[in-house]
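J.: Structure file entry_38.cif (mmCIF, C-alpha atoms) right here:
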data_target
loop_
_atom_site.label_atom_id
_atom_site.label_comp_id
_atom_site.auth_asym_id
_atom_site.auth_seq_id
_atom_site.Cartn_x
_atom_site.Cartn_y
_atom_site.Cartn_z
CA MET A 149 49.54 10.62 0.55
CA PRO A 150 51.82 12.52 -1.77
CA THR A 151 50.11 14.82 -4.19
CA LYS A 152 51.86 13.29 -7.20
CA LEU A 153 51.66 9.50 -7.60
CA THR A 154 54.32 8.21 -9.91
CA PRO A 155 54.36 4.66 -11.29
CA GLU A 156 57.39 3.86 -9.11
CA ILE A 157 55.54 4.87 -5.92
CA ILE A 158 52.45 2.88 -6.89
CA THR A 159 54.56 -0.20 -7.71
CA ALA A 160 56.36 0.02 -4.38
CA ALA A 161 53.03 0.36 -2.53
CA ILE A 162 51.61 -2.71 -4.27
CA GLU A 163 54.68 -4.76 -3.38
CA GLY A 164 54.45 -3.65 0.26
CA PHE A 165 50.77 -4.56 0.53
CA GLU A 166 51.40 -7.98 -1.08
CA ALA A 167 54.15 -8.66 1.47
CA GLN A 168 51.75 -7.73 4.27
CA LYS A 169 49.09 -9.98 2.75
CA THR A 170 51.43 -13.00 2.71
CA ARG A 171 52.42 -12.36 6.35
CA ILE A 172 48.76 -12.11 7.40
CA ASP A 173 47.87 -15.30 5.47
CA ALA A 174 50.71 -17.15 7.22
CA GLN A 175 49.48 -15.95 10.65
CA ILE A 176 45.91 -17.01 9.83
CA ALA A 177 47.17 -20.47 8.81
CA GLU A 178 49.06 -20.80 12.11
CA LEU A 179 45.97 -19.84 14.12
CA ARG A 180 43.81 -22.35 12.22
CA ALA A 181 46.39 -25.05 12.90
CA VAL A 182 46.22 -24.25 16.64
CA LEU A 183 42.41 -24.24 16.57
CA ILE A 184 42.08 -27.57 14.75
CA GLY A 185 45.09 -29.18 16.41
CA GLY A 186 47.23 -29.99 13.38
CA PRO A 187 48.98 -28.39 10.44
CA VAL A 188 46.58 -26.98 7.91
CA LYS A 189 47.47 -25.71 4.49
CA SER A 190 46.46 -22.15 3.90
CA ALA A 191 44.16 -21.21 1.10
CA THR A 192 46.90 -19.17 -0.54
CA THR A 193 50.39 -20.34 -1.38
CA LEU A 194 53.26 -18.96 0.65
CA LYS A 195 55.52 -18.50 -2.38
CA ALA A 196 56.95 -15.09 -2.93
CA PRO A 197 55.24 -13.37 -5.82
CA THR A 198 57.26 -13.17 -8.99
CA ARG A 199 58.12 -9.67 -10.01
CA LYS A 200 57.50 -8.43 -13.47
CA ARG A 201 60.12 -6.01 -14.64
CA LYS A 202 58.74 -2.70 -15.73
CA ARG A 203 60.31 -1.33 -18.86
CA PHE A 204 61.13 2.35 -18.89
CA SER A 205 61.50 4.54 -21.92
CA ALA A 206 64.90 5.96 -22.83
CA ALA A 207 63.81 9.44 -21.74
CA SER A 208 62.70 8.27 -18.28
CA ARG A 209 65.91 6.22 -17.82
CA ARG A 210 67.91 9.33 -18.70
CA LYS A 211 65.94 11.37 -16.15
CA MET A 212 66.48 8.70 -13.47
CA ALA A 213 70.21 8.63 -14.23
CA MET A 214 70.48 12.41 -13.96
CA ALA A 215 68.54 12.38 -10.67
CA GLN A 216 70.81 9.69 -9.26
CA LYS A 217 73.90 11.63 -10.30
CA ALA A 218 72.48 14.72 -8.63
CA ARG A 219 71.88 12.75 -5.40
CA TRP A 220 75.43 11.42 -5.41
CA ALA A 221 76.83 14.86 -6.14
CA LYS A 222 74.87 16.24 -3.19
CA ILE A 223 76.21 13.50 -0.91
CA ARG A 224 79.80 14.14 -2.00
CA GLY A 225 79.36 17.88 -1.74
CA GLU A 226 79.82 18.59 -5.40
CA SER A 227 77.88 21.12 -7.36
CA GLU A 228 74.90 20.04 -9.44
CA PRO A 229 75.84 18.30 -12.70
CA SER A 230 75.61 20.48 -15.74
CA ALA A 231 72.77 20.17 -18.19
CA PRO A 232 73.13 17.42 -20.76
CA ALA A 233 75.26 18.30 -23.74
CA LYS A 234 73.62 19.48 -26.92
CA ALA A 235 72.87 16.97 -29.60
CA PRO A 236 76.01 16.10 -31.57
CA LYS A 237 76.52 17.85 -34.85
CA ALA A 238 75.44 16.10 -37.99
CA LYS A 239 78.03 13.77 -39.42
CA ARG A 240 80.12 15.43 -42.09
CA ARG A 241 80.03 13.97 -45.59
CA ILE A 242 82.56 14.14 -48.39
CA SER A 243 81.29 15.82 -51.54
CA LYS A 244 81.44 14.07 -54.90
CA GLU A 245 84.15 16.49 -56.01
CA GLY A 246 86.27 15.76 -52.94
CA MET A 247 85.83 12.01 -53.37
CA ALA A 248 86.93 12.30 -57.01
CA ARG A 249 90.10 14.15 -55.95
CA ILE A 250 90.91 11.45 -53.38
CA ILE A 251 90.40 8.68 -55.95
CA ALA A 252 92.60 10.48 -58.51
CA ALA A 253 95.39 11.00 -55.96
CA THR A 254 95.23 7.34 -54.93
CA LYS A 255 95.42 6.12 -58.52
CA LYS A 256 98.38 8.41 -59.16
CA ARG A 257 100.16 7.06 -56.09
CA TRP A 258 99.55 3.47 -57.27
CA ARG A 259 100.89 4.25 -60.75
CA LEU A 260 104.07 5.74 -59.25
CA GLN A 261 104.56 2.72 -56.99
CA LYS A 262 104.10 0.29 -59.86
CA ALA A 263 106.55 2.27 -62.01
CA ALA A 264 109.13 2.28 -59.19
CA ALA A 265 108.71 -1.47 -58.66
CA LYS A 266 109.10 -2.12 -62.38
CA ALA A 267 112.24 0.04 -62.52
CA GLN A 268 113.74 -1.85 -59.58
CA SER A 269 113.01 -5.25 -61.13
CA THR A 270 114.60 -4.24 -64.47
CA ALA A 271 117.64 -2.86 -62.63
CA LYS A 272 118.04 -6.13 -60.72
CA LYS A 273 117.79 -8.14 -63.94
CA ALA A 274 120.44 -5.95 -65.60
CA ILE A 275 122.82 -6.32 -62.65
CA SER A 276 122.27 -10.04 -62.11
CA ALA A 277 122.48 -11.08 -65.81
CA PRO A 278 126.30 -10.59 -66.28
CA LYS A 279 127.12 -12.39 -63.05
CA LYS A 280 125.20 -15.52 -64.04
CA ALA A 281 127.12 -16.13 -67.29
CA PRO A 282 130.63 -16.51 -65.75
CA ALA A 283 129.19 -18.56 -62.92
CA LYS A 284 127.91 -21.15 -65.40
CA LYS A 285 131.37 -21.49 -67.02
CA THR A 286 133.13 -22.01 -63.71
CA ALA A 287 130.48 -24.51 -62.64
CA ALA A 288 131.12 -26.52 -65.83
CA VAL A 289 134.86 -26.51 -65.13
CA ARG A 290 134.35 -27.50 -61.52
CA SER A 291 131.98 -30.34 -62.38
CA ALA A 292 134.67 -32.30 -64.28
CA PRO A 293 136.80 -33.13 -61.17
CA ALA A 294 133.64 -33.84 -59.23
CA LYS A 295 132.59 -36.45 -61.78
CA ALA A 296 136.05 -38.05 -61.61
CA ALA A 297 135.85 -38.14 -57.82
CA LYS A 298 132.48 -39.92 -57.95
CA LYS A 299 133.90 -42.67 -60.19
CA ALA A 300 137.01 -43.36 -58.05
CA PRO A 301 136.44 -45.07 -54.66
CA ALA A 302 137.06 -42.78 -51.74
CA LYS A 303 140.02 -43.63 -49.51
CA LYS A 304 139.40 -43.82 -45.81
CA THR A 305 141.82 -41.72 -43.84
CA ALA A 306 142.40 -42.13 -40.15
CA THR A 307 141.27 -39.27 -37.98
CA ALA A 308 142.95 -38.13 -34.80
CA PRO A 309 140.63 -39.97 -32.34
CA GLU A 310 141.00 -43.25 -34.23
CA GLN A 311 144.79 -42.99 -34.17
CA GLY A 312 144.81 -42.21 -30.46
CA GLY A 313 142.61 -45.21 -29.65
CA ALA A 314 144.77 -47.60 -31.70
CA GLN A 315 148.01 -46.48 -30.00
CA SER A 316 146.75 -46.69 -26.45
CA GLY A 317 145.57 -50.30 -26.77
CA GLN A 318 143.02 -49.92 -24.04
#
Now, as a test, write the supplied structure out as structure tokens.
T.:
Amino acid sequence: MPTKLTPEIITAAIEGFEAQKTRIDAQIAELRAVLIGGPVKSATTLKAPTRKRKRFSAASRRKMAMAQKARWAKIRGESEPSAPAKAPKAKRRISKEGMARIIAATKKRWRLQKAAAKAQSTAKKAISAPKKAPAKKTAAVRSAPAKAAKKAPAKKTATAPEQGGAQSGQ
């Protein structure tokens, strides 16, 4: 036996012995059936034992992963994988002073944007105001013939296809 028994080796040994036990029980049942002359149920069930999954700690999973990578590297002819990287540096934090500067700069940027938007809207109002006044006068002048046209019945004029159809007689 190996000098160092790990839980994986012990688990594998138990599974192997259980498989042998089920095979032996099946052979005993067959021999009893031959002896008695008919099928006999064995004392134990012939179902495969259900496996319980062993949970490994994060450290042991990491070790297993590194060992597997080393085995694959050896198979492919690569050098051994390097040692795991050092723990990442602590996350950097913004100081209160730095956060205050960021907030002040953001507020300043918002004020400038609002001022620019307000200047654009006042400029649009100044440009569009003179154009609207003459447009209203011309609309009033134009509406008079339109009202007269609504009162008078519209005359139906013949279009080119109607004239062509009336001349051909077909």
J.: How many Å separate CA of Ala248 in chain A from CA of Ala264 in chain A?
T.: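 Interatomic distance, CA of Ala248 in chain A to CA of Ala264 in chain A: 24.5 Å.
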J.: Please list as a ChimeraX atom specification every residue within 12 Å of Ser208 in chain A, counting only C-alpha atoms and excluding residues in the same chain fewer than 6 positions away.
T.: /A:154-156,202,214-215
J.: Could you state the separation of CA of Lys237 in chain A and CA of Ile251 in chain A in Å, given to one decimal place?
T.: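 So the two atoms, CA of Lys237 in chain A and CA of Ile251 in chain A, lie 26.9 Å apart.
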J.: Record the distance separating CA of Ala206 in chain A and CA of Ala235 in chain A, expressed in Å with one decimal.
T.: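 Distance between the two atoms: 15.2 Å.
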J.: Between A:Arg180, A:Ile223, A:Ala167, A:Lys211, which residue has the minimum interatomic distance to Thr198 in chain A, considering all atoms listed in the file?
T.: A:Ala167
